[in-house]
Amino acid sequence: MKRKKIAIALSAALSVSVLAGCGGSDNGSNGGTTDLSSDVVTTYEAKDMTNNPEVAKNRKDTLVIGTIAPDGVFNPLYAESAYDMYPTELMFGALTAPQADGSMGEYLAGLPEISEDGLTYTYKIKKDAKWSDGTDVTAKDVEMAIKIACDSSYTGIADYRTGRVKVKGAQEYFEGKADSVSGVEIVDDKTVKFTLVEKSSSAEIVLGGTQPVNAAYMAKYYSQGHTDKLKETFTNPGPTSGAYNFKSYKKGQELVLEANDNFVLGKPGIKNIVYKVTTEATKLQMLEAGDIDLVDLSVSEDNVSHSEDLGYLGYKLYPTNGYGYICFNHNKPQFKDPAVRKALTVALDRQTITSSIFNKYAEVINVPQTKASWAYYEGDNKYEYNLEEAKKILDEAGWKVGADGIREKDGVKLTINFTGTSDNDVVDSILSVSNDDWKELGVKYTSEKMDFTAMREKQQGNDWDMMFMAWGLTNDPNDMDVYGTNGSQNKTNYSNEKVDKLYDQINKELDKEKAKELYKQLYTELNNDLPYIFVYQRSDMWAYNGRVKGLENSPFVHYTWNLYKATLAE
């Protein structure tokens with residue numbers, strides 16, 4: 001399955017979340033922020049375990065991870081939010097997995113053999129790659145994942161048909177003209193060959209990111225044209241190929257996993273994993289009390305210093321491969337005018353929002369990419385906070401203030417209902433900063449809060465205006481799924497012909513230096529057109545009880561890919 005951007009609820013939460021600070025700073029300046037361009041991971045080890053809570057010390061064979069409540073979708077073809085994605089990655093290995101430098105490395109399979117024309121990718125699944133029931137992971141399991149993702153009734157976000165990577169025969173399978181995807185060839189039990197419609201710069205990442213599903217098990221729930229029964233696998237995922245097996249799930253409370261002794265990369269060092277539901281308000285409290293062992297904290301000077309002061313906590317700190325943003329519903333007439341989008345951005349004091357929550361651990365951004373990426377380009381416009389300039393932008397675009405103080409153009413009122421998640425420091429900061437300024441700008445402005453799941457459900461329809469969310473990115477900078485007109489993760493109805501053409505060029509460009517120039521053009525256009533209000537990139541802070549040893553994570557590598565290496569000290 002292709003590697004996906006992961007949606008996140010944010011408080012200050014971006015990474016597991018990731019996709020989820022008031023220091024005084026002048027309008028839009030970045031003074032005092034850290035340099036997020038470095039990919040160096042700062043690791044702080046616990047210094048004094050004397051006061052480690054007994055409840056944590058007595059948990060000999062179980063790691064408890066704090067999480068925002070997942071949706072309960074533990075099928076790799078359907079998991080979408082970070083809170084479902086992370087445990088699903090523990091249960092279902094991919095053919096290959098991201099490395100710290102952004103490249104792909106071996107996992108269930110070795111690195112692919114790539115044809116000279118860039119159209120075929122051949123993966124050899126490792127001899128010892130087995131499902132948790134002891135049967136072999138085979139090419140048929142890879143094929144099953146692709147067939148489901150290409151089915152006309154499929155509702156997930158994997159896309160081998162119209163996305164960055166187009167597999168030959170995917171369209172014919174989708175249309176019911178074929179009973180297999182011709183571009184997925186089972187060479188033998190342990191070898192699968194993909195043939196593409198056209199070469200793609202994302203192919204090694206997307207194809208390597210495919211997470212096989214157990215073909216025999218999925219066949220009980222799937223036949224061509226009928227994916228509805230697959231919902232039963234969301235909380236009953238069957239045999240797993242990753243480091244851990246599914247054991248139990250209590251919605252809104254916890255998910256329990258147990259070690260998969262058949263895992264190809266080695267028997268996990270920790271027997272049990274429990275995901276316990278937390279909130280942004282209770283994460284640090286639960287970690288301090290020993291009720292959880294690992295959690296992503298909102299990075300701040302207070303959380304860093306408090307973790308160090310306790311003595312028995314460690315943490316990893318690194319630039320987040322993701323960003324926080326406010327999205328527009330581009331189906332609404334007021335947001336079809338780029339002048340409105342620009343004015344709202346200029347009239348929002350993003351520096352105050354960012355520094356009030358993250359202080360020196362984040363900075364304002366103006367493009368949908370992080371400085372950890374080789375493709376990053378900052379764009380030409382900084383959109384520094386200036387309320388008078390924002391008024392001028394709307395005046396010149398013909399949005400006139402009416403007798404009621406609300407701007408109007410061509411019969412369309414400038415109205416906004418802003419939606420954010422509850423118990424979210426970033427949302428609170430946005431509301432405190434935007435309320436007076438946007439109203440003074442001439443906006444009829446209201447707001448509401450709800451839990452993350454409810455907000456994502458609301459976004460599926462058209463009854464919303466603006467939302468604060470975040471994206472957790474991958475090691476592939478190509479985000480056409482989000483900003484392309486027909487992108488599988490384009491939830492905001494954004495469409496820009498120039499952007500679509502640039503993505504088409506990027507997809508076909510295998511030369512990294514030439515691709516970098518295309519990304520510069522892309523980010524220049526997105527910076528000018530503003531599909532979102534880009535708010536910040538922050539640092540990730542993963543804090544953990546000092547008894548946890550061997551965690552490996554970084555901007556491109558989720559902790560899940562290497563958790564099998566971790567151990568619990570006595």
# chains A, B, ... in the order shown; residues from 1 in each chain; ligands from 1

call {"tool": "residues_around", "arguments": {"residues": "Ala243 (chain A)", "least_positions_apart": "5", "cutoff": "12 Å", "atoms": "only C-alpha atoms", "output": "number ranges by chain"}}
result
A: 87-94, 107-108, 129-132, 257-273, 560-566

call {"tool": "residues_around", "arguments": {"residues": "Leu568 (chain A)", "least_positions_apart": "4", "cutoff": "10 Å", "atoms": "only C-alpha atoms", "output": "ChimeraX atom specification"}}
result
/A:57,59-63,269-271,545-550

call {"tool": "write_last_selection", "arguments": {"atoms": "N, CA, C and O atoms", "output": "CSV table (one decimal), in the first residue's frame"}}
result
chain,number,residue,atom,x,y,z
A,57,LYS,N,7.5,0.4,37.6
A,57,LYS,CA,8.6,-0.6,37.9
A,57,LYS,C,8.0,-2.0,37.9
A,57,LYS,O,8.7,-2.9,37.5
A,59,ARG,N,5.7,-3.2,36.1
A,59,ARG,CA,5.2,-3.6,34.8
A,59,ARG,C,6.4,-4.2,34.0
A,59,ARG,O,7.1,-3.6,33.2
A,60,LYS,N,6.7,-5.5,34.2
A,60,LYS,CA,7.9,-6.1,33.7
A,60,LYS,C,7.9,-6.4,32.2
A,60,LYS,O,9.0,-6.4,31.6
A,61,ASP,N,6.8,-6.8,31.7
A,61,ASP,CA,6.8,-7.2,30.3
A,61,ASP,C,5.8,-6.5,29.4
A,61,ASP,O,5.4,-6.9,28.3
A,62,THR,N,5.4,-5.3,29.8
A,62,THR,CA,4.4,-4.5,29.1
A,62,THR,C,4.8,-3.1,28.9
A,62,THR,O,5.2,-2.4,29.9
A,63,LEU,N,4.7,-2.6,27.7
A,63,LEU,CA,4.9,-1.1,27.4
A,63,LEU,C,3.6,-0.5,27.2
A,63,LEU,O,2.8,-1.0,26.4
A,269,GLY,N,11.5,-7.4,21.7
A,269,GLY,CA,12.1,-7.4,23.1
A,269,GLY,C,11.1,-7.2,24.2
A,269,GLY,O,11.4,-7.3,25.4
A,270,ILE,N,9.9,-6.7,23.8
A,270,ILE,CA,8.9,-6.4,24.8
A,270,ILE,C,7.7,-7.3,24.5
A,270,ILE,O,7.2,-7.3,23.3
A,271,LYS,N,7.1,-8.0,25.4
A,271,LYS,CA,6.1,-9.0,25.2
A,271,LYS,C,4.8,-8.4,24.8
A,271,LYS,O,4.1,-8.8,23.9
A,545,ASN,N,9.4,6.7,29.9
A,545,ASN,CA,9.9,6.2,31.2
A,545,ASN,C,11.3,5.7,31.0
A,545,ASN,O,11.6,5.0,30.0
A,546,GLY,N,12.3,6.0,31.9
A,546,GLY,CA,13.7,5.6,31.8
A,546,GLY,C,13.9,4.1,31.7
A,546,GLY,O,15.0,3.7,31.2
A,547,ARG,N,12.9,3.3,32.1
A,547,ARG,CA,13.1,1.9,31.9
A,547,ARG,C,13.0,1.4,30.5
A,547,ARG,O,13.4,0.2,30.2
A,548,VAL,N,12.5,2.3,29.6
A,548,VAL,CA,12.4,1.9,28.2
A,548,VAL,C,13.7,2.2,27.5
A,548,VAL,O,14.3,3.3,27.5
A,549,LYS,N,14.3,1.1,26.9
A,549,LYS,CA,15.6,1.3,26.2
A,549,LYS,C,15.5,0.9,24.8
A,549,LYS,O,14.7,0.0,24.4
A,550,GLY,N,16.3,1.6,24.0
A,550,GLY,CA,16.4,1.2,22.6
A,550,GLY,C,15.4,1.7,21.6
A,550,GLY,O,15.2,1.2,20.5

call {"tool": "residues_around", "arguments": {"residues": "Thr67 (chain A)", "least_positions_apart": "5", "cutoff": "9 Å", "atoms": "only C-alpha atoms", "output": "list in words"}}
result
Val16, Ser17, Tyr83, Glu254, Tyr275, Lys276, Val277, Thr278, Thr279, Lys283, Val295 and Asp296 of chain A

call {"tool": "write_last_selection", "arguments": {"atoms": "N, CA, C and O atoms", "output": "JSON list (two decimals), in the first residue's frame"}}
result
[["chain", "number", "residue", "atom", "x", "y", "z"],
["A", 16, "VAL", "N", 2.53, 11.81, 16.70],
["A", 16, "VAL", "CA", 1.53, 10.80, 16.77],
["A", 16, "VAL", "C", 0.51, 11.67, 17.21],
["A", 16, "VAL", "O", 0.41, 11.97, 18.32],
["A", 17, "SER", "N", 0.28, 12.13, 16.58],
["A", 17, "SER", "CA", -0.59, 13.07, 16.22],
["A", 17, "SER", "C", 0.06, 13.48, 15.02],
["A", 17, "SER", "O", -0.02, 13.07, 14.07],
["A", 83, "TYR", "N", -3.48, 7.78, 14.96],
["A", 83, "TYR", "CA", -3.79, 6.96, 16.13],
["A", 83, "TYR", "C", -4.21, 5.54, 15.73],
["A", 83, "TYR", "O", -4.13, 4.62, 16.54],
["A", 254, "GLU", "N", -8.61, 1.27, 25.41],
["A", 254, "GLU", "CA", -7.29, 0.73, 25.16],
["A", 254, "GLU", "C", -7.28, -0.28, 24.02],
["A", 254, "GLU", "O", -8.32, -0.87, 23.66],
["A", 275, "TYR", "N", -1.93, 0.30, 24.12],
["A", 275, "TYR", "CA", -2.22, 1.69, 23.80],
["A", 275, "TYR", "C", -3.34, 2.14, 24.73],
["A", 275, "TYR", "O", -4.46, 1.61, 24.67],
["A", 276, "LYS", "N", -3.03, 3.07, 25.60],
["A", 276, "LYS", "CA", -4.04, 3.57, 26.54],
["A", 276, "LYS", "C", -4.45, 4.98, 26.12],
["A", 276, "LYS", "O", -3.61, 5.84, 25.86],
["A", 277, "VAL", "N", -5.77, 5.21, 26.08],
["A", 277, "VAL", "CA", -6.29, 6.49, 25.61],
["A", 277, "VAL", "C", -6.01, 7.59, 26.63],
["A", 277, "VAL", "O", -6.26, 7.44, 27.83],
["A", 278, "THR", "N", -5.45, 8.67, 26.12],
["A", 278, "THR", "CA", -5.15, 9.85, 26.93],
["A", 278, "THR", "C", -5.79, 11.06, 26.25],
["A", 278, "THR", "O", -6.39, 10.95, 25.19],
["A", 279, "THR", "N", -5.61, 12.20, 26.86],
["A", 279, "THR", "CA", -5.95, 13.47, 26.22],
["A", 279, "THR", "C", -4.73, 14.36, 26.30],
["A", 279, "THR", "O", -3.77, 14.06, 27.02],
["A", 283, "LYS", "N", -1.71, 13.71, 29.29],
["A", 283, "LYS", "CA", -0.54, 12.95, 28.83],
["A", 283, "LYS", "C", 0.62, 12.99, 29.82],
["A", 283, "LYS", "O", 1.13, 11.95, 30.26],
["A", 295, "VAL", "N", 4.87, 8.55, 25.24],
["A", 295, "VAL", "CA", 3.82, 9.40, 24.69],
["A", 295, "VAL", "C", 4.45, 10.58, 23.97],
["A", 295, "VAL", "O", 5.58, 11.00, 24.28],
["A", 296, "ASP", "N", 3.74, 11.10, 22.98],
["A", 296, "ASP", "CA", 4.19, 12.33, 22.33],
["A", 296, "ASP", "C", 3.63, 13.50, 23.11],
["A", 296, "ASP", "O", 2.43, 13.67, 23.25]]

call {"tool": "select_by_dssp", "arguments": {"residues": "region 267-490 of chain A", "states": "helix (DSSP H, G or I)", "output": "MDAnalysis selection string"}}
result
chainID A and resid 283:289 301:310 333:335 338:346 350:361 387:396 425:441 452:459 480:483

call {"tool": "closest_atom_pairs", "arguments": {"of": "region 440-477 of chain A", "to": "region 194-207 of chain A", "cutoff": "12 Å", "atoms": "only C-alpha atoms", "output": "tab-separated table"}}
result
residue	atom	partner	partner_atom	distance
A:Thr474	CA	A:Ile205	CA	9.2
A:Asn475	CA	A:Ile205	CA	7.8
A:Asp476	CA	A:Ser202	CA	6.7
A:Pro477	CA	A:Ser202	CA	8.7

call {"tool": "select_by_dssp", "arguments": {"residues": "region 226-305 of chain A", "states": "strand (DSSP E or B)", "output": "count of residues only"}}
result
24

call {"tool": "residues_around", "arguments": {"residues": "Glu525 (chain A)", "least_positions_apart": "4", "cutoff": "9 Å", "atoms": "only C-alpha atoms", "output": "MDAnalysis selection string"}}
result
chainID A and resid 379 498:499 520:521 529:530

call {"tool": "residues_around", "arguments": {"residues": "region 153-158 of chain A", "least_positions_apart": "5", "cutoff": "7 Å", "atoms": "only C-alpha atoms", "output": "JSON list (two decimals) with N, CA and C atoms, in the first residue's frame"}}
result
[["chain", "number", "residue", "atom", "x", "y", "z"],
["A", 1, "MET", "N", 0.83, -1.18, 0.00],
["A", 1, "MET", "CA", 0.00, 0.00, 0.00],
["A", 1, "MET", "C", 0.87, 1.23, 0.00],
["A", 2, "LYS", "N", 0.41, 2.27, -0.60],
["A", 2, "LYS", "CA", 1.24, 3.44, -0.69],
["A", 2, "LYS", "C", 1.37, 4.11, 0.66],
["A", 77, "LEU", "N", -5.12, -1.14, 4.99],
["A", 77, "LEU", "CA", -5.69, -0.54, 3.78],
["A", 77, "LEU", "C", -6.67, 0.58, 4.10],
["A", 78, "TYR", "N", -7.06, 0.69, 5.36],
["A", 78, "TYR", "CA", -8.07, 1.67, 5.73],
["A", 78, "TYR", "C", -7.62, 2.62, 6.84],
["A", 148, "ILE", "N", -7.66, -5.06, -3.43],
["A", 148, "ILE", "CA", -8.64, -4.37, -2.59],
["A", 148, "ILE", "C", -8.56, -2.87, -2.81],
["A", 225, "GLY", "N", -15.61, -6.14, -6.22],
["A", 225, "GLY", "CA", -16.81, -5.33, -6.21],
["A", 225, "GLY", "C", -17.50, -5.26, -4.87],
["A", 226, "HIS", "N", -16.97, -5.97, -3.87],
["A", 226, "HIS", "CA", -17.63, -6.03, -2.57],
["A", 226, "HIS", "C", -16.60, -5.93, -1.44],
["A", 227, "THR", "N", -16.42, -4.72, -0.95],
["A", 227, "THR", "CA", -15.48, -4.49, 0.16],
["A", 227, "THR", "C", -16.21, -4.21, 1.48],
["A", 488, "SER", "N", -6.40, 11.57, -3.45],
["A", 488, "SER", "CA", -7.18, 10.71, -2.57],
["A", 488, "SER", "C", -7.29, 11.26, -1.16],
["A", 489, "GLN", "N", -6.40, 12.19, -0.79],
["A", 489, "GLN", "CA", -6.47, 12.80, 0.53],
["A", 489, "GLN", "C", -6.79, 14.29, 0.46]]

call {"tool": "residues_around", "arguments": {"residues": "Leu348 (chain A)", "least_positions_apart": "5", "cutoff": "8 Å", "atoms": "only C-alpha atoms", "output": "ChimeraX atom specification"}}
result
/A:385,433-434,437-438

call {"tool": "residues_around", "arguments": {"residues": "Gly163 (chain A)", "least_positions_apart": "2", "cutoff": "9 Å", "atoms": "only C-alpha atoms", "output": "list in words"}}
result
Ala158, Asp159, Tyr160, Arg161, Val165, Lys166, Met480, Asp481, Asn486, Gly487 and Ser488 of chain A

call {"tool": "write_last_selection", "arguments": {"atoms": "C-alpha atoms", "output": "PDB file, in the first residue's frame"}}
result
ATOM      1  CA  ALA A 158      -4.574   3.982  -0.952  1.00  0.00           C
ATOM      2  CA  ASP A 159      -4.389   4.745  -4.652  1.00  0.00           C
ATOM      3  CA  TYR A 160      -2.509   2.683  -7.234  1.00  0.00           C
ATOM      4  CA  ARG A 161      -4.839   3.794 -10.006  1.00  0.00           C
ATOM      5  CA  VAL A 165       2.067   5.692  -8.843  1.00  0.00           C
ATOM      6  CA  LYS A 166      -0.194   4.075 -11.422  1.00  0.00           C
ATOM      7  CA  MET A 480      -0.236  15.405  -4.834  1.00  0.00           C
ATOM      8  CA  ASP A 481      -2.676  13.213  -2.910  1.00  0.00           C
ATOM      9  CA  ASN A 486      -8.327  14.464  -7.617  1.00  0.00           C
ATOM     10  CA  GLY A 487      -6.000  13.579  -4.763  1.00  0.00           C
ATOM     11  CA  SER A 488      -7.182  10.707  -2.570  1.00  0.00           C
TER      12      SER A 488
END

call {"tool": "closest_residue", "arguments": {"among": "A:Lys508, A:Lys250, A:Lys336, A:Lys193", "to": "Asn478 (chain A)", "atoms": "only C-alpha atoms"}}
result
A:Lys508

call {"tool": "closest_residue", "arguments": {"among": "A:Ser307, A:Thr282, A:Ser373, A:Thr419", "to": "Thr320 (chain A)", "atoms": "only C-alpha atoms"}}
result
A:Ser373

call {"tool": "closest_residue", "arguments": {"among": "A:Ile65, A:Val41, A:Val187, A:Val299", "to": "Asp540 (chain A)", "atoms": "only C-alpha atoms"}}
result
A:Val299

call {"tool": "atom_distance", "arguments": {"atom1": "CA of Ile533 (chain A)", "atom2": "CA of Thr345 (chain A)"}}
result
5.8 Å
